[in-house]
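Coordinates as given in data-v7.cif (mmCIF, C-alpha atoms; chains and numbers go by the auth columns):
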data_start
loop_
_atom_site.group_PDB
_atom_site.id
_atom_site.type_symbol
_atom_site.label_atom_id
_atom_site.label_comp_id
_atom_site.label_asym_id
_atom_site.label_seq_id
_atom_site.Cartn_x
_atom_site.Cartn_y
_atom_site.Cartn_z
_atom_site.B_iso_or_equiv
_atom_site.auth_seq_id
_atom_site.auth_asym_id
ATOM 1 C CA MET A 1 4.420 -27.403 -13.616 0.00 108 G
ATOM 2 C CA THR A 2 1.495 -27.873 -15.948 0.00 109 G
ATOM 3 C CA ASN A 3 2.829 -25.162 -18.282 0.00 110 G
ATOM 4 C CA ASP A 4 6.102 -27.047 -18.753 0.00 111 G
ATOM 5 C CA GLY A 5 4.214 -30.289 -19.366 0.00 112 G
ATOM 6 C CA GLU A 6 1.948 -28.607 -21.912 0.00 113 G
ATOM 7 C CA ARG A 7 4.901 -27.052 -23.756 0.00 114 G
ATOM 8 C CA ASP A 8 6.682 -30.391 -23.848 0.00 115 G
ATOM 9 C CA LEU A 9 3.553 -32.120 -25.173 0.00 116 G
ATOM 10 C CA ARG A 10 3.040 -29.394 -27.801 0.00 117 G
ATOM 11 C CA SER A 11 6.651 -29.750 -29.011 0.00 118 G
ATOM 12 C CA GLN A 12 6.254 -33.537 -29.230 0.00 119 G
ATOM 13 C CA PHE A 13 3.097 -33.165 -31.343 0.00 120 G
ATOM 14 C CA GLN A 14 4.832 -30.647 -33.627 0.00 121 G
ATOM 15 C CA ALA A 15 7.726 -33.054 -34.144 0.00 122 G
ATOM 16 C CA LEU A 16 5.248 -35.817 -34.931 0.00 123 G
ATOM 17 C CA ARG A 17 3.438 -33.618 -37.495 0.00 124 G
ATOM 18 C CA ARG A 18 6.780 -32.727 -39.159 0.00 125 G
ATOM 19 C CA ASP A 19 7.733 -36.384 -39.440 0.00 126 G
ATOM 20 C CA THR A 20 4.344 -37.249 -40.889 0.00 127 G
ATOM 21 C CA ALA A 21 4.467 -34.385 -43.407 0.00 128 G
ATOM 22 C CA LEU A 22 7.880 -35.515 -44.670 0.00 129 G
ATOM 23 C CA GLY A 23 6.672 -39.016 -45.522 0.00 130 G
ATOM 24 C CA THR A 24 3.400 -38.065 -47.220 0.00 131 G
ATOM 25 C CA PRO A 25 3.310 -37.530 -50.991 0.00 132 G
ATOM 26 C CA ALA A 26 1.664 -34.439 -52.403 0.00 133 G
ATOM 27 C CA PHE A 27 -1.983 -34.761 -53.406 0.00 134 G
ATOM 28 C CA GLY A 28 -1.206 -33.894 -57.033 0.00 135 G
ATOM 29 C CA ALA A 29 1.422 -36.620 -57.197 0.00 136 G
ATOM 30 C CA THR A 30 -1.125 -39.121 -55.897 0.00 137 G
ATOM 31 C CA LEU A 31 -3.653 -38.182 -58.575 0.00 138 G
ATOM 32 C CA SER A 32 -1.096 -38.127 -61.370 0.00 139 G
ATOM 33 C CA GLY A 33 -0.337 -41.847 -60.811 0.00 140 G
ATOM 34 C CA VAL A 34 -3.939 -42.995 -61.275 0.00 141 G
ATOM 35 C CA PRO A 35 -3.831 -43.475 -65.087 0.00 142 G
ATOM 36 C CA GLU A 36 -0.646 -45.547 -64.868 0.00 143 G
ATOM 37 C CA ARG A 37 -2.129 -47.741 -62.147 0.00 144 G
ATOM 38 C CA ARG A 38 -5.245 -48.264 -64.262 0.00 145 G
ATOM 39 C CA ARG A 39 -3.119 -49.283 -67.252 0.00 146 G
ATOM 40 C CA ARG A 40 -1.175 -51.759 -65.109 0.00 147 G
ATOM 41 C CA ALA A 41 -4.395 -53.218 -63.704 0.00 148 G
ATOM 42 C CA ALA A 42 -5.884 -53.603 -67.196 0.00 149 G
ATOM 43 C CA ARG A 43 -2.685 -55.276 -68.404 0.00 150 G
ATOM 44 C CA ALA A 44 -2.777 -57.661 -65.448 0.00 151 G
ATOM 45 C CA ARG A 45 -6.435 -58.524 -66.162 0.00 152 G
ATOM 46 C CA ARG A 46 -5.560 -59.260 -69.791 0.00 153 G
ATOM 47 C CA HIS A 47 -2.708 -61.542 -68.693 0.00 154 G
ATOM 48 C CA VAL A 48 -4.974 -63.439 -66.290 0.00 155 G
ATOM 49 C CA ALA A 49 -7.669 -63.773 -68.954 0.00 156 G
ATOM 50 C CA ALA A 50 -5.116 -65.055 -71.472 0.00 157 G
ATOM 51 C CA LEU A 51 -3.782 -67.606 -68.977 0.00 158 G
ATOM 52 C CA ALA A 52 -7.306 -68.775 -68.119 0.00 159 G
ATOM 53 C CA LEU A 53 -8.183 -69.103 -71.800 0.00 160 G
ATOM 54 C CA GLY A 54 -4.989 -71.049 -72.461 0.00 161 G
ATOM 55 C CA ALA A 55 -5.619 -73.397 -69.543 0.00 162 G
ATOM 56 C CA THR A 56 -9.202 -73.988 -70.690 0.00 163 G
ATOM 57 C CA ALA A 57 -8.022 -74.721 -74.222 0.00 164 G
ATOM 58 C CA ALA A 58 -5.394 -77.155 -72.915 0.00 165 G
ATOM 59 C CA VAL A 59 -7.943 -79.031 -70.796 0.00 166 G
ATOM 60 C CA LEU A 60 -10.409 -79.250 -73.679 0.00 167 G
ATOM 61 C CA LEU A 61 -7.678 -80.393 -76.065 0.00 168 G
ATOM 62 C CA PHE A 62 -6.560 -83.045 -73.600 0.00 169 G
ATOM 63 C CA ALA A 63 -10.162 -84.205 -73.092 0.00 170 G
ATOM 64 C CA VAL A 64 -10.705 -84.558 -76.834 0.00 171 G
ATOM 65 C CA LEU A 65 -7.382 -86.133 -77.761 0.00 172 G
ATOM 66 C CA ALA A 66 -6.857 -88.340 -74.700 0.00 173 G
ATOM 67 C CA PRO A 67 -7.261 -92.049 -75.365 0.00 174 G
ATOM 68 C CA HIS A 68 -10.633 -93.233 -74.150 0.00 175 G
ATOM 69 C CA ARG A 69 -10.107 -96.583 -72.548 0.00 176 G
ATOM 70 C CA LYS A 70 -12.425 -98.515 -70.374 0.00 177 G
ATOM 71 C CA ARG A 71 -11.300 -98.574 -66.792 0.00 178 G
ATOM 72 C CA ALA A 72 -11.574 -101.784 -64.844 0.00 179 G
ATOM 73 C CA ALA A 73 -12.979 -101.777 -61.347 0.00 180 G
ATOM 74 C CA LEU A 74 -10.219 -102.373 -58.851 0.00 181 G
ATOM 75 C CA VAL A 75 -12.539 -103.803 -56.202 0.00 182 G
ATOM 76 C CA ASP A 76 -15.597 -105.954 -56.729 0.00 183 G
ATOM 77 C CA LEU A 77 -18.122 -104.067 -54.644 0.00 184 G
ATOM 78 C CA ALA A 78 -20.412 -107.065 -54.342 0.00 185 G
ATOM 79 C CA SER A 79 -17.793 -108.974 -52.340 0.00 186 G
ATOM 80 C CA VAL A 80 -16.998 -106.151 -49.953 0.00 187 G
ATOM 81 C CA ARG A 81 -18.609 -105.997 -46.552 0.00 188 G
ATOM 82 C CA TRP A 82 -17.954 -103.068 -44.289 0.00 189 G
ATOM 83 C CA GLU A 83 -19.190 -102.717 -40.777 0.00 190 G
ATOM 84 C CA ALA A 84 -19.135 -99.347 -39.093 0.00 191 G
ATOM 85 C CA PRO A 85 -17.610 -99.128 -35.629 0.00 192 G
ATOM 86 C CA THR A 86 -20.988 -98.091 -34.195 0.00 193 G
ATOM 87 C CA ASP A 87 -23.114 -100.811 -35.827 0.00 194 G
ATOM 88 C CA PHE A 88 -23.359 -102.645 -32.512 0.00 195 G
ATOM 89 C CA LEU A 89 -25.562 -99.817 -31.260 0.00 196 G
ATOM 90 C CA LEU A 90 -28.170 -100.726 -33.872 0.00 197 G
ATOM 91 C CA ARG A 91 -28.361 -104.355 -32.729 0.00 198 G
ATOM 92 C CA THR A 92 -31.039 -104.349 -30.054 0.00 199 G
ATOM 93 C CA PRO A 93 -32.627 -107.293 -28.261 0.00 200 G
ATOM 94 C CA GLY A 94 -35.544 -108.725 -30.196 0.00 201 G
ATOM 95 C CA THR A 95 -34.531 -107.574 -33.680 0.00 202 G
ATOM 96 C CA GLU A 96 -34.736 -111.147 -34.937 0.00 203 G
ATOM 97 C CA LEU A 97 -38.498 -110.976 -34.348 0.00 204 G
ATOM 98 C CA LEU A 98 -38.716 -108.119 -36.823 0.00 205 G
ATOM 99 C CA ARG A 99 -36.925 -110.114 -39.526 0.00 206 G
ATOM 100 C CA THR A 100 -39.047 -113.266 -39.378 0.00 207 G
ATOM 101 C CA VAL A 101 -42.704 -113.968 -40.020 0.00 208 G
ATOM 102 C CA PRO A 102 -44.284 -116.012 -37.243 0.00 209 G
ATOM 103 C CA THR A 103 -46.336 -119.055 -38.120 0.00 210 G
ATOM 104 C CA PHE A 104 -49.229 -120.023 -35.909 0.00 211 G
ATOM 105 C CA THR A 105 -50.624 -123.439 -35.095 0.00 212 G
ATOM 106 C CA LEU A 106 -54.301 -124.269 -34.986 0.00 213 G
ATOM 107 C CA GLU A 107 -54.297 -123.698 -31.232 0.00 214 G
ATOM 108 C CA GLY A 108 -53.163 -120.090 -31.678 0.00 215 G
ATOM 109 C CA ARG A 109 -49.639 -120.527 -30.375 0.00 216 G
ATOM 110 C CA PRO A 110 -46.674 -119.496 -32.497 0.00 217 G
ATOM 111 C CA GLU A 111 -44.454 -122.282 -33.762 0.00 218 G
ATOM 112 C CA PRO A 112 -40.770 -122.050 -33.009 0.00 219 G
#

Could you show the structure in this file as structure tokens?
Amino acid sequence: MTNDGERDLRSQFQALRRDTALGTPAFGATLSGVPERRRRAARARRHVAALALGATAAVLLFAVLAPHRKRAALVDLASVRWEAPTDFLLRTPGTELLRTVPTFTLEGRPEP
């Protein structure tokens, strides 16, 4: 029984090797394509560099030739008051004592 199983496994591996060998290119063919791939990569780098240079030139040209006008503030920041949703956590009992300076009478008691 094991001999039949081994033969069957061996034939399956041979079929797998044949299928793999059919789809693999020859080593020489792989090496012969290297110069062409290098030329394509160099051409692509030149195209990207040219596009980057063109975009940089366009941005600089726009920055120089764009009308420089003074922009008005849309919101007067002095009139805006914003309170964070967690500001109530900062309000603790007795904070008003930290914001005022007590005045004392001659008897040593603080005045209200």

- [ ] Record the distance separating CA of Ala148 (chain G) and CA of Ala165 (chain G), expressed in Å with one decimal.
- [x]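 Answer for the CA of Ala148 (chain G) to CA of Ala165 (chain G) separation: 25.7 Å.
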
Open item on the list: Quick check, in Å to one decimal: how far apart do CA of Pro132 (chain G) and CA of Arg114 (chain G) lie?
Closed with: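 Pair CA of Pro132 (chain G) / CA of Arg114 (chain G) returns 29.2 Å.
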
Open item on the list: Would you compute the distance between CA of Val166 (chain G) and CA of Arg147 (chain G)? Give it in Å to one decimal.
Closed with: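 Between CA of Val166 (chain G) and CA of Arg147 (chain G) the gap works out to 28.7 Å.
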